[in-house]
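Novice: Input: one structure, supplied below.
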Amino acid sequence: MRRLRFHPCGNYKEDRLEQLFLFETDFGRACTLAGLFLLFVVLPLASPPYLIYVLNITGIAAIAALGLNILVGFTGQISLGHGAFFGVGAYSAAVLATRLQMPFWVCVPAAGIVTALVGLVFGIPSGRLKGLYLTIATLAGQFIIEYVLVHWESLTQGSMGIVLPQAHLFGLPVSSDRAFFLLIFGVLVAMTLMASNVMRTSYGRAFVAIRDNDRAAEGMGIPVFGYKLLSFAMSSFYAGVAGGLWAYYMRSISTEPFTLGLSVEYLAMVIIGGLGSIPGSLFGAVFITGLNEILRYLTDAMMNMGISSGFGLNLASLREFAFGLAIVVFILFEPKGLAEIWRIVRSSFRLWPFSY
Amino acid sequence: MDFFIHLFINGLSVGLLYGVSALGFVMIFKSSSVLNFAHGQLLAIGAFAFLVLVSWLKLPVALAFLVTLCGSFALGFAVERVFLRPLIGESLIFVIMLTVGLASMLKGILLLFFGGNLQTYPDFLPGWLAVQAGSVYIPPVYVASSLLGIVFLVLFGLFFKYSPQGIFMRSVADNQTAALSLGVHVKKVFALSWAIAAMVASMSGVMLGIINGINVHEISSIGLKVFPVVILGGLDSIGGAIIGGMIIGLLETFTSGYISPSLRDVIPYIVLVAILLVKPYGLFGLVEIERV
């Protein structure tokens with residue numbers, strides 16, 4: 001058995017590869033395993049159904065946020081169309097399942113691939129545009145996709161929506177919240193692993209190089225356009241898979257949720273979680289979904305007490321306000337997001353109790 | 001033919017409004033290269049402030065308009081001071097996301113206070129402003145907004161061309177670092193441009209309110225429609241904003257008249273993507289050339 005790895009008391013790395021370990025120490029590896037055990041065994045058994053529902057929504061949001069972080073945080077291409085890509089994923093899964101009667105395990109990856117193709121198309125402007133011009137192009141993409149989803153009625157049934165069949169996996173029906181919990185979080189863990197591994201390869205480093213200085217990257221021989229397209233495709237793939245899972249989980253979808261507001265919500269997750277940080281995307285998803293649920297609870301409580309009757313207080317406006325406030329506060333005070341806070345907390349515990 | 005002329009006039013007036021709404025947006029971009037996603041909310045704040053002053057407090061119209069302009073001047077100043085100043089020199093995504101966050105904050109506040117319903121001003125524009133030419137009737141609002149738009153356009157043109165502050169603004173837009181080292185007070189320029197932009201936005205908001213009635217969602221969506229307009233005209237060109245607005249307005253009305261009304265809201269964005277692919281710096285924008 002090899003020797004356990006701990007934090008060295010200095011930087012003794014001799015090889016570039018040593019910086020790329022997924023787990024820096026064996027303690028981290030053990031903690032991750034323990035965390036996964038808690039996640040998959042203890043949490044589904046111990047929590048009430050409502051919490052499981054919230055967790056499922058969080059898991060789906062986390063998958064989509066991971067994808068957006070690849071594009072925004074690692075490659076530096078700001079996209080305002082992620083909500084629409086999520087919708088494309090949901091609709092492709094729904095159409096494949098209802099029209100072609102494809103099984104669940106085909107539909108969800110296929111939804112990811114279809115969305116990746118759509119993402120490729122909307123990534124093409126990135127060949128000529130960068131920075132805020134690209135942001136505006138993705139904004140246009142959001143509106144165009146939204147329009148197509150609503151008005152291509154022969155395929156999407158417009159505002160009527162589509163009802164999906166029940167998901168089956170290995171011959172077993174996936175119907176209860178608990179079953180979906182295992183499924184969604186299984187996919188989330190796989191996707192997280194995939195993202196963190198891709199970021200350790202030359203592809204990931206090319207993404208980061210493009211983010212930091214695209215001209216220098218081009219000068220170093222990185223085909224910038226190709227990698228930007230790849231990043232768009234990857235991020236849309238994540239959105240598509242998340243959308244497909246969401247469609248199966250909700251069982252009936254309509255065009256309503258996939259608005260610019262959703263895109264902003266994902267961007268908020270990425271910013272609040274931490275740009276260019278994989279755990280950050282997960283934190284951001286937890287934060288935003290949690291905020292959503294807390295606000296829902298608060299408005300319900302106020303509704304019951306009758307405070308809101310004469311006042312225009314409702315969920316929509318309060319949510320808008322709280323989201324905006326959260327984004328602004330994080331940008332002004334902790335632009336690196338929750339991931340940075342987490343790092344600070346961790347490193348202060350690392351040397352505990354002799355933290356000097 | 002009559003239908004065509006009707007659409008043409010209608011499109012021009014809608015377009016003029018878009019152009020006027022885009023003015024403030026271009027102001028901010030020109031001086032601080034900040035893409036302001038909260039522009040629609042600035043429009044809405046102006047419209048609602050005027051509503052409160054005119055219909056609730058019953059101030060005379062001219063006074064109310066003046067107070068609205070001054071108030072939004074102060075608001076723009078405050079927004080820059082509190083939210084934008086800490087971000088000078090930060091990377092683009094933070095600035096963009098800050099204005100996105102600001103947009104949803106302001107929208108939330110407006111919805112909390114005024115709700116999502118449509119509200120209207122009392123009718124106060126004099127009838128003699130209307131233009132009647134043959135079968136074509138142009139209501140006074142459009143005439144007033146065209147006049148105001150033209151006045152503001154000329155004023156801004158002169159301001160940017162001749163006044164020291166305007167020249168400072170242009171220099172900051174061109175190159176922040178160089179302007180700083182030449183002794184331009186960049187922070188003051190930013191604050192002033194946000195203040196002026198908010199003022200112009202509130203004026204446009206009042207115009208929009210008079211024509212379409214005031215609704216938070218409606219006006220906010222016009223804030224997004226500013227993007228096709230300014231991209232078409234060139235992000236940093238004030239004249240381009242007006243012309244871009246006209247073109248987009250015409251395009252919208254002709255599409256809804258001849259092709260399909262549902263396409264109306266999405267056609268500007270389709271055009272936007274096309275322009276971005278073919279001529280990203282718009283009709284009158286400054287071309288940035290980059291070579292590796």
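In the structure tokens, chains take the letters A, B, ... in the order shown, each chain's residues start at 1, and ligands count up from 1 in the order shown.
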Using DSSP on the backbone, list every residue of region 21-222 of chain B that comes out as strand (DSSP E or B), and give them as a list in words.
Specialist: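 Assigned to strand (DSSP E or B), within region 21-222 of chain B: Gln119, Val131, Gln132, Ala133, Val136, Tyr137, Ile138 and Ile214 of chain B.
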Novice: Phe65 (chain B): which residues within 12 Å, counting only C-alpha atoms, same-chain residues fewer than 6 positions away excluded, as a list in words?
Specialist: Gly46, Ala47, Phe48, Ala49, Phe50, Leu51, Val52, Leu53, Val54, Leu59, Gly71, Ser72, Met199, Val200, Ser202, Met203, Ser204, Gly205, Val206 and Met207 of chain B
Novice: Export, as a short mmCIF file (atom, residue, chain, number, x, y, z; two decimals), in the first residue's frame, the selected residues with all heavy atoms.
Specialist:
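Heads up, here's the output in part24.cif:
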data_model
loop_
_atom_site.label_atom_id
_atom_site.label_comp_id
_atom_site.auth_asym_id
_atom_site.auth_seq_id
_atom_site.Cartn_x
_atom_site.Cartn_y
_atom_site.Cartn_z
N GLY B 46 -38.20 56.47 -14.51
CA GLY B 46 -38.60 57.80 -14.95
C GLY B 46 -40.10 57.88 -15.17
O GLY B 46 -40.77 58.80 -14.70
N ALA B 47 -40.63 56.87 -15.86
CA ALA B 47 -42.06 56.86 -16.16
C ALA B 47 -42.88 56.86 -14.88
O ALA B 47 -43.86 57.61 -14.74
CB ALA B 47 -42.40 55.65 -17.02
N PHE B 48 -42.47 56.03 -13.89
CA PHE B 48 -43.26 55.95 -12.67
C PHE B 48 -43.11 57.19 -11.80
O PHE B 48 -44.07 57.62 -11.14
CB PHE B 48 -42.89 54.69 -11.87
CG PHE B 48 -43.60 53.48 -12.35
CD1 PHE B 48 -42.94 52.49 -13.04
CD2 PHE B 48 -44.96 53.34 -12.14
CE1 PHE B 48 -43.61 51.39 -13.50
CE2 PHE B 48 -45.64 52.24 -12.59
CZ PHE B 48 -44.96 51.26 -13.28
N ALA B 49 -41.91 57.77 -11.81
CA ALA B 49 -41.73 58.99 -11.04
C ALA B 49 -42.66 60.08 -11.57
O ALA B 49 -43.34 60.78 -10.80
CB ALA B 49 -40.27 59.46 -11.13
N PHE B 50 -42.74 60.17 -12.89
CA PHE B 50 -43.62 61.17 -13.49
C PHE B 50 -45.08 60.86 -13.15
O PHE B 50 -45.86 61.76 -12.84
CB PHE B 50 -43.40 61.15 -15.01
CG PHE B 50 -44.03 62.29 -15.73
CD1 PHE B 50 -43.62 63.60 -15.49
CD2 PHE B 50 -45.04 62.07 -16.66
CE1 PHE B 50 -44.20 64.65 -16.16
CE2 PHE B 50 -45.62 63.13 -17.33
CZ PHE B 50 -45.19 64.42 -17.08
N LEU B 51 -45.41 59.57 -13.16
CA LEU B 51 -46.78 59.17 -12.83
C LEU B 51 -47.13 59.61 -11.41
O LEU B 51 -48.20 60.20 -11.17
CB LEU B 51 -46.92 57.65 -12.94
CG LEU B 51 -48.28 57.10 -12.54
CD1 LEU B 51 -49.28 57.34 -13.64
CD2 LEU B 51 -48.21 55.63 -12.20
N VAL B 52 -46.22 59.35 -10.49
CA VAL B 52 -46.48 59.72 -9.09
C VAL B 52 -46.67 61.23 -8.98
O VAL B 52 -47.61 61.71 -8.34
CB VAL B 52 -45.31 59.25 -8.20
CG1 VAL B 52 -45.44 59.85 -6.81
CG2 VAL B 52 -45.28 57.75 -8.11
N LEU B 53 -45.78 61.97 -9.64
CA LEU B 53 -45.84 63.42 -9.51
C LEU B 53 -47.09 64.00 -10.17
O LEU B 53 -47.73 64.90 -9.61
CB LEU B 53 -44.60 64.05 -10.14
CG LEU B 53 -43.29 63.75 -9.40
CD1 LEU B 53 -42.11 64.23 -10.21
CD2 LEU B 53 -43.30 64.41 -8.04
N VAL B 54 -47.45 63.48 -11.32
CA VAL B 54 -48.58 64.09 -12.05
C VAL B 54 -49.92 63.61 -11.53
O VAL B 54 -50.81 64.41 -11.23
CB VAL B 54 -48.44 63.81 -13.56
CG1 VAL B 54 -49.72 64.15 -14.29
CG2 VAL B 54 -47.30 64.62 -14.12
N LEU B 59 -48.99 67.67 -9.45
CA LEU B 59 -48.14 68.80 -9.78
C LEU B 59 -48.44 69.24 -11.22
O LEU B 59 -48.92 68.44 -12.01
CB LEU B 59 -46.67 68.40 -9.68
CG LEU B 59 -46.08 68.18 -8.29
CD1 LEU B 59 -44.60 67.89 -8.41
CD2 LEU B 59 -46.32 69.38 -7.40
N GLY B 71 -34.56 64.36 -10.51
CA GLY B 71 -34.52 63.18 -9.65
C GLY B 71 -33.72 62.06 -10.29
O GLY B 71 -32.88 61.43 -9.64
N SER B 72 -33.95 61.84 -11.59
CA SER B 72 -33.24 60.72 -12.20
C SER B 72 -31.78 61.06 -12.41
O SER B 72 -30.93 60.17 -12.40
CB SER B 72 -33.90 60.30 -13.51
OG SER B 72 -34.27 61.42 -14.23
N MET B 199 -31.03 60.59 -16.75
CA MET B 199 -31.94 61.69 -17.05
C MET B 199 -32.60 61.47 -18.42
O MET B 199 -33.83 61.56 -18.55
CB MET B 199 -31.15 62.99 -17.05
CG MET B 199 -31.99 64.22 -16.96
SD MET B 199 -30.90 65.64 -16.82
CE MET B 199 -30.53 65.95 -18.52
N VAL B 200 -31.78 61.18 -19.41
CA VAL B 200 -32.32 60.93 -20.75
C VAL B 200 -33.27 59.75 -20.72
O VAL B 200 -34.35 59.76 -21.33
CB VAL B 200 -31.18 60.67 -21.75
CG1 VAL B 200 -31.74 60.38 -23.11
CG2 VAL B 200 -30.25 61.84 -21.80
N SER B 202 -35.08 58.71 -18.26
CA SER B 202 -36.38 59.02 -17.66
C SER B 202 -37.24 59.82 -18.62
O SER B 202 -38.46 59.62 -18.68
CB SER B 202 -36.19 59.76 -16.34
OG SER B 202 -35.73 61.07 -16.60
N MET B 203 -36.60 60.68 -19.42
CA MET B 203 -37.37 61.40 -20.43
C MET B 203 -38.00 60.42 -21.41
O MET B 203 -39.20 60.48 -21.70
CB MET B 203 -36.46 62.37 -21.16
CG MET B 203 -37.18 63.22 -22.15
SD MET B 203 -36.06 63.78 -23.45
CE MET B 203 -35.92 62.33 -24.45
N SER B 204 -37.18 59.47 -21.90
CA SER B 204 -37.72 58.50 -22.84
C SER B 204 -38.81 57.67 -22.17
O SER B 204 -39.81 57.32 -22.81
CB SER B 204 -36.64 57.55 -23.33
OG SER B 204 -35.41 58.18 -23.39
N GLY B 205 -38.61 57.37 -20.88
CA GLY B 205 -39.60 56.58 -20.16
C GLY B 205 -40.94 57.30 -20.12
O GLY B 205 -41.99 56.68 -20.31
N VAL B 206 -40.90 58.60 -19.88
CA VAL B 206 -42.15 59.36 -19.84
C VAL B 206 -42.83 59.32 -21.21
O VAL B 206 -44.04 59.10 -21.32
CB VAL B 206 -41.86 60.81 -19.42
CG1 VAL B 206 -43.11 61.66 -19.56
CG2 VAL B 206 -41.36 60.86 -18.00
N MET B 207 -42.03 59.48 -22.27
CA MET B 207 -42.58 59.41 -23.62
C MET B 207 -43.26 58.06 -23.86
O MET B 207 -44.38 57.99 -24.36
CB MET B 207 -41.45 59.56 -24.65
CG MET B 207 -40.89 60.95 -24.73
SD MET B 207 -42.12 62.00 -25.45
CE MET B 207 -41.74 63.53 -24.67
#
Novice: Quick one: of A:Leu332, A:Cys9, A:Gln77, A:Ala65, who's nearest to Leu87 (chain B), counting only C-alpha atoms?
Specialist: A:Leu332
Novice: Quick one: everything within 12 Å of Ala74 (chain B), counting only C-alpha atoms, minus sequence neighbours fewer than 5 positions away in the same chain. Send it as a PDB file with N, CA, C and O atoms, in the first residue's frame.
Specialist:
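Full text of selection-v4.pdb as output:
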ATOM      1  N   GLY B  46     -38.198  56.473 -14.508  1.00  0.00           N
ATOM      2  CA  GLY B  46     -38.600  57.800 -14.951  1.00  0.00           C
ATOM      3  C   GLY B  46     -40.098  57.877 -15.167  1.00  0.00           C
ATOM      4  O   GLY B  46     -40.771  58.805 -14.695  1.00  0.00           O
ATOM      5  N   VAL B  67     -38.911  67.963 -12.281  1.00  0.00           N
ATOM      6  CA  VAL B  67     -38.530  67.227 -11.069  1.00  0.00           C
ATOM      7  C   VAL B  67     -38.093  65.811 -11.418  1.00  0.00           C
ATOM      8  O   VAL B  67     -37.102  65.299 -10.881  1.00  0.00           O
ATOM      9  N   THR B  68     -38.818  65.184 -12.365  1.00  0.00           N
ATOM     10  CA  THR B  68     -38.438  63.836 -12.781  1.00  0.00           C
ATOM     11  C   THR B  68     -37.021  63.819 -13.333  1.00  0.00           C
ATOM     12  O   THR B  68     -36.203  62.960 -12.978  1.00  0.00           O
ATOM     13  N   LEU B  69     -36.742  64.788 -14.204  1.00  0.00           N
ATOM     14  CA  LEU B  69     -35.410  64.840 -14.804  1.00  0.00           C
ATOM     15  C   LEU B  69     -34.342  65.011 -13.733  1.00  0.00           C
ATOM     16  O   LEU B  69     -33.337  64.289 -13.712  1.00  0.00           O
ATOM     17  N   VAL B  79     -26.409  55.660  -8.473  1.00  0.00           N
ATOM     18  CA  VAL B  79     -26.171  54.296  -8.953  1.00  0.00           C
ATOM     19  C   VAL B  79     -24.699  54.114  -9.299  1.00  0.00           C
ATOM     20  O   VAL B  79     -24.062  53.128  -8.922  1.00  0.00           O
ATOM     21  N   GLU B  80     -24.157  55.115  -9.982  1.00  0.00           N
ATOM     22  CA  GLU B  80     -22.749  55.001 -10.350  1.00  0.00           C
ATOM     23  C   GLU B  80     -21.877  54.968  -9.102  1.00  0.00           C
ATOM     24  O   GLU B  80     -20.985  54.143  -8.971  1.00  0.00           O
ATOM     25  N   ARG B  81     -22.180  55.859  -8.165  1.00  0.00           N
ATOM     26  CA  ARG B  81     -21.359  55.989  -6.972  1.00  0.00           C
ATOM     27  C   ARG B  81     -21.363  54.706  -6.158  1.00  0.00           C
ATOM     28  O   ARG B  81     -20.325  54.246  -5.684  1.00  0.00           O
ATOM     29  N   ALA B 191     -19.460  59.330 -13.362  1.00  0.00           N
ATOM     30  CA  ALA B 191     -20.623  59.741 -12.580  1.00  0.00           C
ATOM     31  C   ALA B 191     -21.527  60.631 -13.419  1.00  0.00           C
ATOM     32  O   ALA B 191     -22.745  60.445 -13.470  1.00  0.00           O
ATOM     33  N   LEU B 192     -20.913  61.567 -14.107  1.00  0.00           N
ATOM     34  CA  LEU B 192     -21.706  62.501 -14.904  1.00  0.00           C
ATOM     35  C   LEU B 192     -22.426  61.763 -16.030  1.00  0.00           C
ATOM     36  O   LEU B 192     -23.600  62.024 -16.295  1.00  0.00           O
ATOM     37  N   SER B 193     -21.731  60.806 -16.659  1.00  0.00           N
ATOM     38  CA  SER B 193     -22.396  60.157 -17.788  1.00  0.00           C
ATOM     39  C   SER B 193     -23.551  59.287 -17.311  1.00  0.00           C
ATOM     40  O   SER B 193     -24.595  59.227 -17.966  1.00  0.00           O
ATOM     41  N   TRP B 194     -23.388  58.647 -16.159  1.00  0.00           N
ATOM     42  CA  TRP B 194     -24.530  57.877 -15.640  1.00  0.00           C
ATOM     43  C   TRP B 194     -25.676  58.812 -15.290  1.00  0.00           C
ATOM     44  O   TRP B 194     -26.841  58.494 -15.527  1.00  0.00           O
ATOM     45  N   ALA B 195     -25.350  59.939 -14.704  1.00  0.00           N
ATOM     46  CA  ALA B 195     -26.407  60.872 -14.321  1.00  0.00           C
ATOM     47  C   ALA B 195     -27.152  61.362 -15.559  1.00  0.00           C
ATOM     48  O   ALA B 195     -28.384  61.340 -15.602  1.00  0.00           O
ATOM     49  N   ILE B 196     -26.403  61.776 -16.591  1.00  0.00           N
ATOM     50  CA  ILE B 196     -27.063  62.260 -17.802  1.00  0.00           C
ATOM     51  C   ILE B 196     -27.867  61.143 -18.447  1.00  0.00           C
ATOM     52  O   ILE B 196     -28.996  61.337 -18.893  1.00  0.00           O
ATOM     53  N   ALA B 197     -27.261  59.940 -18.465  1.00  0.00           N
ATOM     54  CA  ALA B 197     -27.950  58.824 -19.092  1.00  0.00           C
ATOM     55  C   ALA B 197     -29.270  58.524 -18.384  1.00  0.00           C
ATOM     56  O   ALA B 197     -30.300  58.297 -19.030  1.00  0.00           O
ATOM     57  N   ALA B 198     -29.244  58.547 -17.043  1.00  0.00           N
ATOM     58  CA  ALA B 198     -30.479  58.277 -16.309  1.00  0.00           C
ATOM     59  C   ALA B 198     -31.513  59.354 -16.601  1.00  0.00           C
ATOM     60  O   ALA B 198     -32.710  59.088 -16.716  1.00  0.00           O
ATOM     61  N   MET B 199     -31.028  60.587 -16.753  1.00  0.00           N
ATOM     62  CA  MET B 199     -31.943  61.686 -17.053  1.00  0.00           C
ATOM     63  C   MET B 199     -32.602  61.472 -18.415  1.00  0.00           C
ATOM     64  O   MET B 199     -33.828  61.557 -18.548  1.00  0.00           O
ATOM     65  N   SER B 202     -35.083  58.713 -18.265  1.00  0.00           N
ATOM     66  CA  SER B 202     -36.378  59.015 -17.657  1.00  0.00           C
ATOM     67  C   SER B 202     -37.243  59.816 -18.625  1.00  0.00           C
ATOM     68  O   SER B 202     -38.459  59.618 -18.683  1.00  0.00           O
TER      69      SER B 202
END
Novice: Select residues of chain B: the criterion is any atom within 6 Å of an atom of chain A, counting only C-alpha atoms; output as an MDAnalysis selection string.
Specialist: chainID B and resid 98 101:102 104:105 108 111:112 115 269 273 292
Novice: Write down as a ChimeraX atom specification the residues belonging to region 6-134 of chain B that are assigned alpha helix (DSSP H) by DSSP computed on the backbone.
Specialist: /B:6-32,39-51,61-79,92-114
Novice: May I have the residues within 7 Å of region 226-231 of chain B as a ChimeraX atom specification, using only C-alpha atoms and disregarding those fewer than 6 positions away in the same chain?
Specialist: /B:18,22,241,244-245,248,268-269,272,281-282
Novice: How would the residues just chosen look if you wrote them out with all heavy atoms as a compact mmCIF listing (two decimals), in the first residue's frame?
Specialist:
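Saved as again_17.txt:
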# COMPACT_ATOMS: atom_id res chain seq x y z
N TYR B 18 -37.72 54.03 -29.92
CA TYR B 18 -36.60 53.14 -29.62
C TYR B 18 -35.31 53.93 -29.64
O TYR B 18 -34.45 53.76 -28.78
CB TYR B 18 -36.52 52.01 -30.66
CG TYR B 18 -37.57 50.96 -30.53
CD1 TYR B 18 -37.88 50.13 -31.59
CD2 TYR B 18 -38.25 50.79 -29.33
CE1 TYR B 18 -38.83 49.16 -31.47
CE2 TYR B 18 -39.21 49.83 -29.21
CZ TYR B 18 -39.51 49.00 -30.29
OH TYR B 18 -40.45 48.04 -30.17
N ALA B 22 -32.73 54.56 -26.68
CA ALA B 22 -31.35 54.05 -26.75
C ALA B 22 -30.34 55.13 -26.42
O ALA B 22 -29.19 54.81 -26.11
CB ALA B 22 -31.09 53.49 -28.14
N ALA B 241 -27.85 55.50 -33.05
CA ALA B 241 -28.92 54.96 -32.22
C ALA B 241 -30.28 55.38 -32.77
O ALA B 241 -31.21 54.57 -32.84
CB ALA B 241 -28.76 55.45 -30.78
N GLY B 244 -30.75 53.59 -36.14
CA GLY B 244 -31.00 52.19 -35.85
C GLY B 244 -32.39 51.98 -35.29
O GLY B 244 -33.09 51.03 -35.66
N GLY B 245 -32.81 52.87 -34.41
CA GLY B 245 -34.15 52.78 -33.84
C GLY B 245 -35.21 52.85 -34.93
O GLY B 245 -36.15 52.05 -34.95
N ILE B 248 -35.22 49.59 -36.93
CA ILE B 248 -35.84 48.49 -36.18
C ILE B 248 -37.34 48.70 -36.07
O ILE B 248 -38.14 47.77 -36.22
CB ILE B 248 -35.20 48.36 -34.78
CG1 ILE B 248 -33.73 47.97 -34.90
CG2 ILE B 248 -35.93 47.35 -33.94
CD1 ILE B 248 -33.46 46.57 -35.32
N PRO B 268 -36.30 41.76 -34.48
CA PRO B 268 -35.11 42.58 -34.21
C PRO B 268 -33.91 41.75 -33.81
O PRO B 268 -32.78 42.07 -34.17
CB PRO B 268 -35.55 43.48 -33.05
CG PRO B 268 -37.00 43.48 -33.09
CD PRO B 268 -37.44 42.19 -33.67
N TYR B 269 -34.16 40.66 -33.08
CA TYR B 269 -33.04 39.86 -32.60
C TYR B 269 -32.43 39.03 -33.72
O TYR B 269 -31.22 38.79 -33.74
CB TYR B 269 -33.48 38.98 -31.44
CG TYR B 269 -33.90 39.82 -30.27
CD1 TYR B 269 -35.24 40.01 -29.97
CD2 TYR B 269 -32.96 40.47 -29.50
CE1 TYR B 269 -35.62 40.82 -28.93
CE2 TYR B 269 -33.34 41.28 -28.45
CZ TYR B 269 -34.68 41.45 -28.17
OH TYR B 269 -35.05 42.26 -27.14
N LEU B 272 -30.38 41.31 -35.43
CA LEU B 272 -29.22 41.55 -34.57
C LEU B 272 -28.13 40.52 -34.82
O LEU B 272 -26.96 40.86 -35.01
CB LEU B 272 -29.68 41.52 -33.11
CG LEU B 272 -28.62 41.50 -32.03
CD1 LEU B 272 -27.79 42.75 -32.10
CD2 LEU B 272 -29.27 41.39 -30.68
N TYR B 281 -19.67 46.04 -35.90
CA TYR B 281 -19.61 47.35 -35.29
C TYR B 281 -20.68 48.29 -35.80
O TYR B 281 -20.62 49.49 -35.59
CB TYR B 281 -18.20 47.93 -35.48
CG TYR B 281 -17.19 47.05 -34.84
CD1 TYR B 281 -16.35 46.26 -35.60
CD2 TYR B 281 -17.14 46.94 -33.46
CE1 TYR B 281 -15.45 45.39 -34.99
CE2 TYR B 281 -16.25 46.08 -32.85
CZ TYR B 281 -15.40 45.31 -33.61
OH TYR B 281 -14.54 44.45 -33.00
N GLY B 282 -21.66 47.72 -36.50
CA GLY B 282 -22.84 48.51 -36.85
C GLY B 282 -22.59 49.48 -37.98
O GLY B 282 -21.55 49.48 -38.62
Novice: Skipping near chain neighbours, those fewer than 4 positions away, what residues fall within 12 Å of Gly59 (chain A) using only C-alpha atoms, listed as a VMD selection string?
Specialist: chain A and resid 39 52 to 55 63 to 66 180 to 189 191 to 192 241 to 243 245 to 246 249 281 to 290
Novice: Determine, counting only C-alpha atoms, which protein, DNA and RNA residues have an atom within 12 Å of an atom of Gly28 (chain A); residues of the same chain fewer than 6 positions away are not included. Present the result as a PyMOL selection string.
Specialist: chain A and resi 4-7+21-22+34-35+346+350
Novice: Return the single residue from A:Asn292, A:Gly158, A:Arg178, A:Leu80 that is closest to Phe37 (chain B), with distances computed using only C-alpha atoms.
Specialist: A:Leu80
Novice: Skipping near chain neighbours, those fewer than 6 positions away, what residues fall within 8 Å of Ala201 (chain B) using only C-alpha atoms, listed as a VMD selection string?
Specialist: chain B and resid 21 23 to 25 39 42 to 43 46
Novice: Take the selection from the previous step and output its residues with N, CA, C and O atoms, as a tab-separated table (two decimals), in the first residue's frame.
Specialist:
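The resulting file, selection31.tsv, is reproduced below:
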chain	number	residue	atom	x	y	z
B	21	SER	N	-35.03	55.98	-26.63
B	21	SER	CA	-34.73	55.15	-25.46
B	21	SER	C	-33.28	54.73	-25.46
B	21	SER	O	-32.68	54.53	-24.41
B	23	LEU	N	-30.77	56.40	-26.49
B	23	LEU	CA	-29.80	57.49	-26.29
B	23	LEU	C	-29.01	57.34	-25.00
B	23	LEU	O	-27.78	57.38	-25.00
B	24	GLY	N	-29.74	57.16	-23.89
B	24	GLY	CA	-29.07	57.08	-22.60
B	24	GLY	C	-28.12	55.89	-22.54
B	24	GLY	O	-27.04	55.97	-21.97
B	25	PHE	N	-28.56	54.81	-23.16
B	25	PHE	CA	-27.75	53.61	-23.20
B	25	PHE	C	-26.42	53.88	-23.87
B	25	PHE	O	-25.35	53.51	-23.38
B	39	HIS	N	-31.06	49.34	-18.27
B	39	HIS	CA	-31.56	50.54	-18.92
B	39	HIS	C	-33.09	50.59	-18.93
B	39	HIS	O	-33.68	51.64	-18.68
B	42	LEU	N	-34.31	51.90	-15.77
B	42	LEU	CA	-34.14	53.36	-15.65
B	42	LEU	C	-35.29	54.06	-16.37
B	42	LEU	O	-35.84	55.04	-15.88
B	43	LEU	N	-35.64	53.53	-17.55
B	43	LEU	CA	-36.80	54.08	-18.27
B	43	LEU	C	-38.04	54.00	-17.40
B	43	LEU	O	-38.79	54.97	-17.25
B	46	GLY	N	-38.20	56.47	-14.51
B	46	GLY	CA	-38.60	57.80	-14.95
B	46	GLY	C	-40.10	57.88	-15.17
B	46	GLY	O	-40.77	58.80	-14.70
Novice: Could you check which of A:Leu172, A:Trp105, A:Met269, A:Ser263 is closest to Leu291 (chain A), using only C-alpha atoms?
Specialist: A:Met269
